[in-house]
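Colleague: Below is start-v1.cif; it holds mmCIF, N, CA and C atoms.
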```cif
data_input
loop_
_atom_site.label_atom_id
_atom_site.label_comp_id
_atom_site.auth_asym_id
_atom_site.auth_seq_id
_atom_site.Cartn_x
_atom_site.Cartn_y
_atom_site.Cartn_z
N MET A 547 86.15 134.79 69.20
CA MET A 547 86.13 133.36 69.33
C MET A 547 85.96 132.97 70.80
N THR A 548 85.14 131.98 71.04
CA THR A 548 84.95 131.53 72.41
C THR A 548 85.87 130.37 72.71
N GLU A 549 86.30 130.33 73.92
CA GLU A 549 87.18 129.24 74.34
C GLU A 549 86.33 128.01 74.66
N GLU A 550 86.82 126.88 74.24
CA GLU A 550 86.13 125.64 74.57
C GLU A 550 86.60 125.18 75.94
N LYS A 551 85.63 124.92 76.81
CA LYS A 551 85.96 124.46 78.15
C LYS A 551 86.08 122.95 78.14
N GLU A 552 87.06 122.49 78.84
CA GLU A 552 87.27 121.06 78.93
C GLU A 552 86.33 120.45 79.97
N ILE A 553 85.65 119.40 79.60
CA ILE A 553 84.75 118.71 80.52
C ILE A 553 85.57 117.68 81.28
N PRO A 554 85.54 117.76 82.62
CA PRO A 554 86.33 116.80 83.40
C PRO A 554 85.76 115.39 83.28
N ASP A 555 86.64 114.43 83.35
CA ASP A 555 86.21 113.04 83.34
C ASP A 555 85.66 112.67 84.71
N PHE A 556 84.53 112.00 84.70
CA PHE A 556 83.95 111.52 85.95
C PHE A 556 83.14 110.27 85.66
N ASP A 557 82.92 109.54 86.70
CA ASP A 557 82.13 108.33 86.58
C ASP A 557 80.75 108.61 87.14
N VAL A 558 79.73 108.40 86.35
CA VAL A 558 78.36 108.67 86.79
C VAL A 558 78.03 107.88 88.04
N ASN A 559 78.55 106.68 88.16
CA ASN A 559 78.27 105.84 89.32
C ASN A 559 78.79 106.47 90.61
N ASP A 560 79.88 107.24 90.53
CA ASP A 560 80.38 107.92 91.72
C ASP A 560 79.43 109.01 92.17
N ILE A 561 78.80 109.69 91.24
CA ILE A 561 77.86 110.76 91.57
C ILE A 561 76.56 110.19 92.13
N LEU A 562 76.12 109.10 91.55
CA LEU A 562 74.82 108.54 91.92
C LEU A 562 74.89 107.49 93.01
N LYS A 563 75.99 107.42 93.71
CA LYS A 563 76.11 106.41 94.77
C LYS A 563 75.13 106.70 95.89
N VAL A 564 74.32 105.74 96.16
CA VAL A 564 73.35 105.84 97.25
C VAL A 564 73.38 104.50 97.97
N GLU A 565 73.47 104.58 99.25
CA GLU A 565 73.46 103.33 100.01
C GLU A 565 72.03 102.86 100.16
N TYR A 566 71.77 101.67 99.68
CA TYR A 566 70.45 101.07 99.78
C TYR A 566 70.38 100.27 101.06
N LYS A 567 69.45 100.66 101.92
CA LYS A 567 69.25 99.95 103.17
C LYS A 567 67.79 99.50 103.23
N PRO A 568 67.53 98.24 102.99
CA PRO A 568 66.14 97.78 103.05
C PRO A 568 65.59 97.88 104.47
N VAL A 569 64.31 98.13 104.55
CA VAL A 569 63.65 98.23 105.86
C VAL A 569 63.46 96.83 106.41
N PRO A 570 63.95 96.56 107.62
CA PRO A 570 63.72 95.23 108.20
C PRO A 570 62.23 94.99 108.42
N ASN A 571 61.82 93.76 108.27
CA ASN A 571 60.40 93.44 108.42
C ASN A 571 59.89 93.72 109.83
N ASP A 572 60.76 93.68 110.82
CA ASP A 572 60.34 93.94 112.19
C ASP A 572 59.91 95.39 112.38
N ASP A 573 60.54 96.32 111.64
CA ASP A 573 60.24 97.74 111.80
C ASP A 573 59.12 98.21 110.87
N TYR A 574 58.65 97.35 109.99
CA TYR A 574 57.63 97.72 109.02
C TYR A 574 56.25 97.71 109.66
N GLU A 575 55.55 98.82 109.54
CA GLU A 575 54.20 98.91 110.09
C GLU A 575 53.22 98.96 108.93
N GLU A 576 52.37 97.97 108.81
CA GLU A 576 51.44 97.90 107.69
C GLU A 576 50.38 98.98 107.83
N GLN A 577 50.12 99.68 106.74
CA GLN A 577 49.12 100.74 106.72
C GLN A 577 47.88 100.22 106.00
N LYS A 578 46.72 100.40 106.61
CA LYS A 578 45.51 99.95 105.94
C LYS A 578 44.89 101.11 105.16
N ILE A 579 44.13 100.78 104.13
CA ILE A 579 43.48 101.77 103.29
C ILE A 579 42.14 102.14 103.93
N VAL A 580 41.88 103.45 104.01
CA VAL A 580 40.63 103.95 104.58
C VAL A 580 39.97 104.87 103.56
N PHE A 581 38.68 105.12 103.75
CA PHE A 581 37.91 106.00 102.87
C PHE A 581 37.44 107.21 103.67
N TYR A 582 37.52 108.38 103.05
CA TYR A 582 37.05 109.63 103.65
C TYR A 582 35.87 110.12 102.82
N CYS A 583 34.73 110.30 103.46
CA CYS A 583 33.53 110.79 102.77
C CYS A 583 33.51 112.31 102.89
N HIS A 584 33.43 112.99 101.76
CA HIS A 584 33.41 114.46 101.77
C HIS A 584 32.06 115.00 102.25
N ASP A 585 31.01 114.22 102.08
CA ASP A 585 29.69 114.65 102.54
C ASP A 585 29.58 114.53 104.06
N CYS A 586 30.08 113.43 104.62
CA CYS A 586 30.04 113.20 106.07
C CYS A 586 31.21 113.88 106.78
N ALA A 587 32.27 114.19 106.05
CA ALA A 587 33.49 114.82 106.58
C ALA A 587 34.14 113.96 107.66
N LYS A 588 34.21 112.64 107.39
CA LYS A 588 34.87 111.74 108.34
C LYS A 588 35.26 110.45 107.64
N LEU A 589 36.03 109.63 108.34
CA LEU A 589 36.39 108.31 107.83
C LEU A 589 35.18 107.41 107.95
N VAL A 590 34.88 106.68 106.88
CA VAL A 590 33.66 105.86 106.85
C VAL A 590 33.95 104.48 106.29
N ASP A 591 33.01 103.57 106.54
CA ASP A 591 33.01 102.27 105.90
C ASP A 591 32.29 102.42 104.56
N THR A 592 32.66 101.60 103.60
CA THR A 592 32.06 101.70 102.27
C THR A 592 31.57 100.34 101.82
N GLU A 593 30.76 100.37 100.77
CA GLU A 593 30.34 99.15 100.11
C GLU A 593 30.53 99.36 98.62
N SER A 594 30.82 98.27 97.90
CA SER A 594 31.04 98.41 96.46
C SER A 594 29.70 98.55 95.75
N LYS A 595 29.75 99.26 94.63
CA LYS A 595 28.54 99.55 93.87
C LYS A 595 28.72 98.96 92.48
N GLY A 596 27.99 97.90 92.17
CA GLY A 596 28.09 97.27 90.86
C GLY A 596 29.34 96.42 90.72
N LYS A 597 29.69 96.13 89.48
CA LYS A 597 30.82 95.26 89.21
C LYS A 597 32.13 96.04 89.18
N LYS A 598 32.07 97.34 88.99
CA LYS A 598 33.28 98.14 88.89
C LYS A 598 33.80 98.51 90.27
N LEU A 599 34.97 99.11 90.30
CA LEU A 599 35.55 99.53 91.58
C LEU A 599 34.97 100.88 91.99
N LYS A 600 33.68 100.92 92.19
CA LYS A 600 33.02 102.13 92.66
C LYS A 600 32.51 101.84 94.06
N PHE A 601 32.70 102.81 94.93
CA PHE A 601 32.31 102.64 96.33
C PHE A 601 31.37 103.75 96.74
N VAL A 602 30.48 103.44 97.69
CA VAL A 602 29.58 104.44 98.26
C VAL A 602 29.68 104.37 99.77
N CYS A 603 29.44 105.50 100.41
CA CYS A 603 29.46 105.60 101.86
C CYS A 603 28.27 104.82 102.43
N LYS A 604 28.52 104.02 103.45
CA LYS A 604 27.43 103.25 104.07
C LYS A 604 26.48 104.15 104.86
N GLU A 605 26.95 105.32 105.28
CA GLU A 605 26.12 106.19 106.11
C GLU A 605 25.20 107.09 105.30
N CYS A 606 25.76 107.75 104.25
CA CYS A 606 24.94 108.71 103.51
C CYS A 606 24.71 108.30 102.05
N GLN A 607 25.26 107.15 101.65
CA GLN A 607 25.15 106.64 100.28
C GLN A 607 25.79 107.58 99.25
N GLY A 608 26.65 108.48 99.71
CA GLY A 608 27.35 109.39 98.81
C GLY A 608 28.53 108.71 98.14
N SER A 609 28.88 109.21 96.97
CA SER A 609 30.00 108.61 96.24
C SER A 609 31.19 109.55 96.12
N ASP A 610 31.15 110.67 96.84
CA ASP A 610 32.26 111.63 96.83
C ASP A 610 33.27 111.21 97.90
N LEU A 611 34.13 110.24 97.54
CA LEU A 611 35.04 109.64 98.50
C LEU A 611 36.49 109.83 98.07
N SER A 612 37.36 109.90 99.05
CA SER A 612 38.80 109.86 98.83
C SER A 612 39.32 108.65 99.58
N TYR A 613 40.41 108.08 99.09
CA TYR A 613 40.97 106.94 99.80
C TYR A 613 42.48 107.05 99.84
N GLY A 614 43.05 106.38 100.82
CA GLY A 614 44.50 106.36 100.99
C GLY A 614 44.81 105.67 102.31
N THR A 615 46.07 105.71 102.70
CA THR A 615 46.42 105.15 104.00
C THR A 615 45.82 106.05 105.07
N GLU A 616 45.56 105.47 106.22
CA GLU A 616 44.96 106.26 107.29
C GLU A 616 45.84 107.44 107.65
N ARG A 617 47.12 107.22 107.67
CA ARG A 617 48.07 108.29 108.01
C ARG A 617 48.00 109.43 106.99
N SER A 618 47.98 109.11 105.70
CA SER A 618 47.96 110.15 104.68
C SER A 618 46.63 110.91 104.66
N ILE A 619 45.51 110.22 104.83
CA ILE A 619 44.21 110.88 104.84
C ILE A 619 44.09 111.80 106.05
N ARG A 620 44.49 111.32 107.22
CA ARG A 620 44.43 112.17 108.42
C ARG A 620 45.33 113.39 108.29
N ASN A 621 46.48 113.21 107.67
CA ASN A 621 47.41 114.32 107.47
C ASN A 621 46.82 115.34 106.48
N TYR A 622 46.30 114.87 105.36
CA TYR A 622 45.78 115.76 104.31
C TYR A 622 44.57 116.55 104.78
N TYR A 623 43.65 115.92 105.50
CA TYR A 623 42.43 116.57 105.95
C TYR A 623 42.55 117.13 107.37
N ASN A 624 43.76 117.21 107.89
CA ASN A 624 44.04 117.78 109.21
C ASN A 624 43.16 117.18 110.30
N MET A 625 43.08 115.87 110.33
CA MET A 625 42.31 115.17 111.33
C MET A 625 43.25 114.72 112.45
N PRO A 626 42.76 114.66 113.69
CA PRO A 626 43.62 114.18 114.78
C PRO A 626 43.93 112.69 114.61
N GLU A 627 45.06 112.29 115.16
CA GLU A 627 45.47 110.89 115.11
C GLU A 627 44.48 110.03 115.90
N ALA A 628 44.30 108.80 115.43
CA ALA A 628 43.41 107.87 116.12
C ALA A 628 44.08 107.38 117.38
N ASN A 629 43.33 107.25 118.44
CA ASN A 629 43.84 106.71 119.70
C ASN A 629 43.46 105.25 119.80
N ASP A 630 44.40 104.38 119.45
CA ASP A 630 44.12 102.94 119.50
C ASP A 630 44.42 102.37 120.85
#
```
In structure tokens, what does this structure look like?

Modeller:
Amino acid sequence: MTEEKEIPDFDVNDILKVEYKPVPNDDYEEQKIVFYCHDCAKLVDTESKGKKLKFVCKECQGSDLSYGTERSIRNYYNMPEAND
């Protein structure tokens, strides 16, 4: 026969306590969305193609694009930071 183990009483709220601290608007840095062309291997400007949300590279007219925040794209494709 196996012994039944007693489950201790606990409050889930005590375990899941997390202090929520909203980011002040002064410290918030807005990130803009950029497009990376895989054919050109760089950040490019795009134009929309048709009525749908399809974009093409303005330089090579390619449609093999990735998009995201500038920080995430530069990080993923190991590109150096922009010097503004």

Colleague: Which one of A:Ile619, A:Cys586, A:Met625, A:Ile579 sits closest to A:Lys604 if you count only C-alpha atoms?

Modeller: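 The closest residue to A:Lys604 is A:Cys586.
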
Colleague: Can you list, as a list in words, the residues that the PyMOL selection byres (((chain A and resi 610 and name CA) around 8) and name CA) selects here?

Modeller: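 This file gives the following for the PyMOL selection byres (((chain A and resi 610 and name CA) around 8) and name CA): Cys583, His584, Asp585, Val602, Gly608, Ser609, Leu611 and Ser612 of chain A.
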
Colleague: List the spatial neighbours of A:Tyr623 as a PyMOL selection string - criterion: any atom at most 12 Å away, only C-alpha atoms, same-chain residues fewer than 4 positions off excluded.

Modeller: chain A and resi 581-584+587-589+612-614+616-619+627

Colleague: Would you write out those residues with N, CA and C atoms, as an mmCIF file, in the frame of the given file?

Modeller:
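Result written to result_15.cif:
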```
data_model
loop_
_atom_site.group_PDB
_atom_site.id
_atom_site.type_symbol
_atom_site.label_atom_id
_atom_site.label_comp_id
_atom_site.auth_asym_id
_atom_site.auth_seq_id
_atom_site.Cartn_x
_atom_site.Cartn_y
_atom_site.Cartn_z
ATOM 1 N N PHE A 581 38.680 105.120 103.750
ATOM 2 C CA PHE A 581 37.910 106.000 102.870
ATOM 3 C C PHE A 581 37.440 107.210 103.670
ATOM 4 N N TYR A 582 37.520 108.380 103.050
ATOM 5 C CA TYR A 582 37.050 109.630 103.650
ATOM 6 C C TYR A 582 35.870 110.120 102.820
ATOM 7 N N CYS A 583 34.730 110.300 103.460
ATOM 8 C CA CYS A 583 33.530 110.790 102.770
ATOM 9 C C CYS A 583 33.510 112.310 102.890
ATOM 10 N N HIS A 584 33.430 112.990 101.760
ATOM 11 C CA HIS A 584 33.410 114.460 101.770
ATOM 12 C C HIS A 584 32.060 115.000 102.250
ATOM 13 N N ALA A 587 32.270 114.190 106.050
ATOM 14 C CA ALA A 587 33.490 114.820 106.580
ATOM 15 C C ALA A 587 34.140 113.960 107.660
ATOM 16 N N LYS A 588 34.210 112.640 107.390
ATOM 17 C CA LYS A 588 34.870 111.740 108.340
ATOM 18 C C LYS A 588 35.260 110.450 107.640
ATOM 19 N N LEU A 589 36.030 109.630 108.340
ATOM 20 C CA LEU A 589 36.390 108.310 107.830
ATOM 21 C C LEU A 589 35.180 107.410 107.950
ATOM 22 N N SER A 612 37.360 109.900 99.050
ATOM 23 C CA SER A 612 38.800 109.860 98.830
ATOM 24 C C SER A 612 39.320 108.650 99.580
ATOM 25 N N TYR A 613 40.410 108.080 99.090
ATOM 26 C CA TYR A 613 40.970 106.940 99.800
ATOM 27 C C TYR A 613 42.480 107.050 99.840
ATOM 28 N N GLY A 614 43.050 106.380 100.820
ATOM 29 C CA GLY A 614 44.500 106.360 100.990
ATOM 30 C C GLY A 614 44.810 105.670 102.310
ATOM 31 N N GLU A 616 45.560 105.470 106.220
ATOM 32 C CA GLU A 616 44.960 106.260 107.290
ATOM 33 C C GLU A 616 45.840 107.440 107.650
ATOM 34 N N ARG A 617 47.120 107.220 107.670
ATOM 35 C CA ARG A 617 48.070 108.290 108.010
ATOM 36 C C ARG A 617 48.000 109.430 106.990
ATOM 37 N N SER A 618 47.980 109.110 105.700
ATOM 38 C CA SER A 618 47.960 110.150 104.680
ATOM 39 C C SER A 618 46.630 110.910 104.660
ATOM 40 N N ILE A 619 45.510 110.220 104.830
ATOM 41 C CA ILE A 619 44.210 110.880 104.840
ATOM 42 C C ILE A 619 44.090 111.800 106.050
ATOM 43 N N GLU A 627 45.060 112.290 115.160
ATOM 44 C CA GLU A 627 45.470 110.890 115.110
ATOM 45 C C GLU A 627 44.480 110.030 115.900
#
```

Colleague: Could you check how far atom CA of A:Asp591 sits from atom CA of A:Arg620, in Å to one decimal?

Modeller: 15.3 Å

Colleague: What's the separation between atom CA of A:Cys606 and atom CA of A:Val590, in Å to one decimal place?

Modeller: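 Rounded to one decimal, the two atoms are 9.8 Å apart.
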